[in-house]
Amino acid sequence: MPDYQDHQPLPDDGPPPILKTWNRMYLFVLILHAIIITLFYWFTQAYS
Amino acid sequence: METLDWIIMLGTLLSIVAYGVWYTRKVDNVQSYLLGDRDLPWWTIGLSVMATQASAITFLSTPGQAYEDGMRFAQFYFGLPVAMVILCVFVLPIYYRLKVYTAYEYLEGRFDLRTRTLTAILFLIQRGLAAGLTIYAPAIILSTILGWSLRWTVLFIGALVIFYTMLGGTKAVSVTQKQQMIVILSGMFIAAMILIFQLPPDVDFSDAVGVAGKMGKLNVVDFEFDLSNRYNFWSGMIGGVFLFLSYFGTDQSQVQRYLSGKSLNESRLGLLFNGILKVPMQFLVLFVGILVFVFFQFYQPPIHFNSANLEKLENTEYADELADLQAQHNTLFLTQQEEVRALMDAIDMENEPAIATIQERLTALRETDKELRTATKDLILQADPASKIKDTDYVFITFVTEYLPVGLVGLLLAVIFSAAMSSTASELNALATTTVVDLYRRSFAKDKTDRHYLNASKAFTVVWGCIALIFAATANLFENLIQAVNIIGSLFYGAILGIFLVAFFMKKVGSRAVFIGALIGEAIVLVIFTLNSMEIINIAYLWLNLIGCTLVMGIAWILEQVLPKTTATDA
């Protein structure tokens, strides 16, 4: 049973395979999501 | 079903199960059984996470939902990528740092044993209920359409899942889910392609999309803020973020998937992979439903999609009335088909006034058709008041069994069975793990051997499997299956997430405050749900996640301020 060890260092395994930093990876996912929603919105407007 | 369909369906399902059993033949200790040796790469984690969420209900009910209601259900998943990022930033590092088996272990270190136990029990209640429904929902539809016995269908799905989950544990679940997800995605993509090729020769893909759009089916995004509207941008982005934070961050059936990753980074990539692919995948599934809708504008649809209901009705005194309704439905279909072709021409010529006029006529025709379908449902109820009359869950499977070529019927049935098995396997695995780690090993049988806990884990997998089977074999059909699962989730997820958010972000709040806060918060959510069910208030169920979570956090914070401080530290 693990003890509560809130102050241990993070097991960070290094950077992601692309985009060099995790913050950039997260931003990439969020921007991609925003683009997808924008495309869906355009799709809704264009065909309704 | 033809022989080839049987061979493809059973061959696909059994070979995946056999592979899972063979791959995990050396699992002989509890860590390997519950955490899969922590050696999975990100793509297996990502596919496993997706397969856990995508139950058979997703592939049976969602196309039917699009057929009836358009594509607005896609918005339900808008919060998911945001939730994935939040989990990667704040939650995964904590779980990895503590090397926990379950999400609830963390709560004991942060608060106390009773908070851990309460949260684990809340999880077991809601996931235990959902596991039964995950088997039952596809079984009742498949048994009806294929003419199989419901009990044998439930037993077929359940026995296969219990068999390989019990033998191989977490790793068996993850590796089979990878295969199952490949079958599922391929099958749905092929179904979409076949639908496009089976449209009449003079109807191409752009005609199909144009007709669906003008008939109000391509309503993917709606920015209007309305608390009573179940699916709009805001409920998806706000309520959805809370739901998915709770589901992926605190539901052991998901936590266990990414805790078996090779490293923190592999788990992060797996979740981000899910964040990127989930919304487009859901769009594809809904779009298949839209294509089925367009298909049935050119090919005669049944007046009621549950063929078993119609067959029963044909053998009653109401047979003549049914024949009369069907004749009207058939005549109406021909008129509607002419109007749809006229609409296609008007769209081609960009004749907006003509489009508007035809849209009005089509709306009136569809309204009349809806009345005929409602009248048929009324007849079904008159003949047998116990009948289940909602038929949208039968739309896609009707298309599959009646219009797909031989061989593909078997593949698509394998898709649905695979989806049922993959999500059920995760649930049984998580239920067994939580029972052993958070209750049995923690409070009832401490300091036993590794072999003892391994055998206990296998035994609890079978026990939960049997509970799910009993529930599945006796439950009554909810009016809409996918919503029933999500509503059950929304009742408990808010409170569970609230406990975890207090643990992560409100460091000064102690165990007593959060424990009482969780009990009060959950009670208020259940009261709100009851008032909603009695139609005294009208709040879409997705908001229950936000309400439950906020209540737990707010009440816990207030209690921390007003409760007398105890000498023993809470956290």
# chains A, B, ... in the order shown; residues from 1 in each chain; ligands from 1
$ interface_residues --of "chain A" --to "chain B" --cutoff "6 Å" --atoms "only C-alpha atoms" --output "ChimeraX atom specification"
/A:4,26,41,44,47-48
$ write_last_selection --atoms "N, CA and C atoms" --output "PDB file, in the first residue's frame"
ATOM      1  N   TYR A   4       1.243   8.182   1.496  1.00  0.00           N
ATOM      2  CA  TYR A   4       0.987   9.463   0.862  1.00  0.00           C
ATOM      3  C   TYR A   4       2.317  10.201   0.726  1.00  0.00           C
ATOM      4  N   TYR A  26       0.093  19.875 -25.487  1.00  0.00           N
ATOM      5  CA  TYR A  26      -1.250  20.173 -25.003  1.00  0.00           C
ATOM      6  C   TYR A  26      -1.900  21.261 -25.869  1.00  0.00           C
ATOM      7  N   TYR A  41     -18.839  23.755 -37.081  1.00  0.00           N
ATOM      8  CA  TYR A  41     -19.725  24.920 -37.134  1.00  0.00           C
ATOM      9  C   TYR A  41     -19.944  25.347 -38.588  1.00  0.00           C
ATOM     10  N   THR A  44     -22.228  22.921 -40.167  1.00  0.00           N
ATOM     11  CA  THR A  44     -23.621  23.168 -39.765  1.00  0.00           C
ATOM     12  C   THR A  44     -24.209  24.328 -40.563  1.00  0.00           C
ATOM     13  N   TYR A  47     -24.659  23.636 -44.541  1.00  0.00           N
ATOM     14  CA  TYR A  47     -25.642  22.679 -45.062  1.00  0.00           C
ATOM     15  C   TYR A  47     -27.034  22.811 -44.463  1.00  0.00           C
ATOM     16  N   SER A  48     -27.223  23.750 -43.527  1.00  0.00           N
ATOM     17  CA  SER A  48     -28.565  23.804 -42.938  1.00  0.00           C
ATOM     18  C   SER A  48     -29.363  24.948 -43.536  1.00  0.00           C
TER      19      SER A  48
END
$ residues_around --residues "B:Val406" --least-positions-apart "5" --cutoff "7 Å" --atoms "only C-alpha atoms" --output "PDB file with C-alpha atoms, in the first residue's frame"
ATOM      1  CA  GLU B   2     -25.753 -16.740 -43.820  1.00  0.00           C
ATOM      2  CA  LEU B   4     -20.303 -16.846 -44.107  1.00  0.00           C
ATOM      3  CA  ASP B   5     -21.614 -14.223 -41.650  1.00  0.00           C
TER       4      ASP B   5
END
$ residues_around --residues "stretch 325-332 of chain B" --least-positions-apart "3" --cutoff "12 Å" --atoms "only C-alpha atoms" --output "JSON list (two decimals) with C-alpha atoms, in the first residue's frame"
[["chain", "number", "residue", "atom", "x", "y", "z"],
["B", 297, "GLN", "CA", -35.28, 8.49, -48.20],
["B", 298, "PHE", "CA", -34.79, 6.36, -51.32],
["B", 299, "TYR", "CA", -35.51, 2.86, -50.02],
["B", 300, "GLN", "CA", -38.72, 2.06, -48.21],
["B", 301, "PRO", "CA", -38.13, 2.05, -44.42],
["B", 302, "PRO", "CA", -40.37, -0.04, -42.16],
["B", 303, "ILE", "CA", -43.09, 1.86, -40.32],
["B", 304, "HIS", "CA", -41.49, 0.63, -37.07],
["B", 310, "LEU", "CA", -44.49, -5.68, -35.89],
["B", 314, "GLU", "CA", -49.56, -8.88, -37.18],
["B", 318, "TYR", "CA", -54.98, -5.08, -34.71],
["B", 319, "ALA", "CA", -53.46, -6.60, -37.87],
["B", 320, "ASP", "CA", -55.95, -4.82, -40.20],
["B", 321, "GLU", "CA", -55.29, -1.44, -38.61],
["B", 322, "LEU", "CA", -51.55, -2.06, -38.96],
["B", 335, "THR", "CA", -44.53, 11.23, -52.27],
["B", 336, "GLN", "CA", -41.67, 12.03, -49.93],
["B", 337, "GLN", "CA", -39.18, 10.42, -52.29],
["B", 338, "GLU", "CA", -40.39, 12.65, -55.15],
["B", 339, "GLU", "CA", -40.02, 15.71, -52.92],
["B", 361, "ARG", "CA", -43.68, 20.37, -47.87],
["B", 362, "LEU", "CA", -41.16, 17.81, -46.60],
["B", 364, "ALA", "CA", -45.39, 18.50, -43.39],
["B", 365, "LEU", "CA", -44.92, 15.03, -44.93],
["B", 366, "ARG", "CA", -42.52, 13.98, -42.19],
["B", 367, "GLU", "CA", -44.96, 15.24, -39.59],
["B", 368, "THR", "CA", -47.67, 13.06, -41.13],
["B", 369, "ASP", "CA", -45.28, 10.11, -41.22],
["B", 370, "LYS", "CA", -44.42, 10.71, -37.58],
["B", 371, "GLU", "CA", -48.14, 10.55, -36.77],
["B", 372, "LEU", "CA", -48.40, 7.21, -38.61],
["B", 373, "ARG", "CA", -45.40, 5.86, -36.71],
["B", 374, "THR", "CA", -46.86, 7.08, -33.42],
["B", 375, "ALA", "CA", -50.18, 5.45, -34.29],
["B", 376, "THR", "CA", -48.30, 2.19, -34.94],
["B", 377, "LYS", "CA", -46.59, 2.46, -31.56],
["B", 378, "ASP", "CA", -49.99, 3.04, -29.94],
["B", 379, "LEU", "CA", -51.29, -0.13, -31.60]]
$ atom_distance --atom1 "atom CA of A:Arg24" --atom2 "atom CA of B:Ala83"
16.3 Å
$ decode --residues "stretch 208-237 of chain B" --atoms "N, CA and C atoms" --output "short mmCIF file (atom, residue, chain, number, x, y, z; two decimals), in the first residue's frame"
data_model
loop_
_atom_site.label_atom_id
_atom_site.label_comp_id
_atom_site.auth_asym_id
_atom_site.auth_seq_id
_atom_site.Cartn_x
_atom_site.Cartn_y
_atom_site.Cartn_z
N ALA B 208 -26.34 13.56 -51.03
CA ALA B 208 -26.77 12.99 -49.74
C ALA B 208 -26.57 14.00 -48.61
N VAL B 209 -25.40 14.65 -48.62
CA VAL B 209 -25.11 15.62 -47.56
C VAL B 209 -26.06 16.83 -47.68
N GLY B 210 -26.28 17.26 -48.92
CA GLY B 210 -27.17 18.40 -49.15
C GLY B 210 -28.57 18.12 -48.66
N VAL B 211 -29.10 16.94 -48.99
CA VAL B 211 -30.45 16.58 -48.56
C VAL B 211 -30.53 16.50 -47.04
N ALA B 212 -29.52 15.83 -46.43
CA ALA B 212 -29.52 15.70 -44.96
C ALA B 212 -29.49 17.08 -44.32
N GLY B 213 -28.68 17.98 -44.86
CA GLY B 213 -28.57 19.33 -44.30
C GLY B 213 -29.89 20.08 -44.39
N LYS B 214 -30.51 20.03 -45.57
CA LYS B 214 -31.77 20.77 -45.76
C LYS B 214 -32.91 20.13 -44.98
N MET B 215 -32.75 18.87 -44.58
CA MET B 215 -33.78 18.24 -43.76
C MET B 215 -33.45 18.35 -42.27
N GLY B 216 -32.49 19.23 -41.96
CA GLY B 216 -32.21 19.57 -40.56
C GLY B 216 -31.42 18.55 -39.79
N LYS B 217 -30.66 17.69 -40.48
CA LYS B 217 -29.95 16.63 -39.76
C LYS B 217 -28.49 16.96 -39.48
N LEU B 218 -27.95 18.00 -40.07
CA LEU B 218 -26.52 18.28 -39.89
C LEU B 218 -26.28 19.41 -38.89
N ASN B 219 -27.00 19.36 -37.81
CA ASN B 219 -26.95 20.38 -36.76
C ASN B 219 -25.86 20.05 -35.74
N VAL B 220 -24.61 20.06 -36.17
CA VAL B 220 -23.54 19.58 -35.28
C VAL B 220 -23.30 20.55 -34.12
N VAL B 221 -23.28 21.85 -34.40
CA VAL B 221 -22.94 22.81 -33.34
C VAL B 221 -24.08 23.80 -33.12
N ASP B 222 -24.44 23.96 -31.84
CA ASP B 222 -25.48 24.92 -31.47
C ASP B 222 -24.93 25.75 -30.30
N PHE B 223 -24.71 27.05 -30.55
CA PHE B 223 -24.09 27.91 -29.53
C PHE B 223 -25.10 28.53 -28.57
N GLU B 224 -26.39 28.28 -28.79
CA GLU B 224 -27.40 28.91 -27.92
C GLU B 224 -27.35 28.29 -26.52
N PHE B 225 -27.23 29.14 -25.50
CA PHE B 225 -27.15 28.66 -24.12
C PHE B 225 -28.55 28.36 -23.60
N ASP B 226 -28.79 27.12 -23.24
CA ASP B 226 -30.11 26.72 -22.75
C ASP B 226 -29.90 25.54 -21.79
N LEU B 227 -30.20 25.79 -20.51
CA LEU B 227 -29.95 24.76 -19.50
C LEU B 227 -30.77 23.49 -19.74
N SER B 228 -31.95 23.66 -20.35
CA SER B 228 -32.80 22.49 -20.55
C SER B 228 -32.47 21.74 -21.83
N ASN B 229 -31.60 22.33 -22.67
CA ASN B 229 -31.22 21.67 -23.92
C ASN B 229 -30.09 20.67 -23.62
N ARG B 230 -30.37 19.41 -23.87
CA ARG B 230 -29.44 18.36 -23.47
C ARG B 230 -28.09 18.47 -24.20
N TYR B 231 -28.13 18.78 -25.47
CA TYR B 231 -26.88 18.82 -26.23
C TYR B 231 -26.72 20.16 -26.94
N ASN B 232 -25.89 21.02 -26.38
CA ASN B 232 -25.44 22.20 -27.10
C ASN B 232 -23.96 22.41 -26.75
N PHE B 233 -23.36 23.42 -27.37
CA PHE B 233 -21.93 23.66 -27.19
C PHE B 233 -21.58 23.82 -25.71
N TRP B 234 -22.42 24.55 -24.98
CA TRP B 234 -22.09 24.90 -23.59
C TRP B 234 -22.23 23.70 -22.67
N SER B 235 -23.30 22.91 -22.86
CA SER B 235 -23.43 21.72 -21.99
C SER B 235 -22.28 20.76 -22.27
N GLY B 236 -21.86 20.67 -23.55
CA GLY B 236 -20.75 19.78 -23.90
C GLY B 236 -19.43 20.28 -23.36
N MET B 237 -19.19 21.58 -23.49
CA MET B 237 -17.89 22.12 -23.09
C MET B 237 -17.75 22.26 -21.58
#
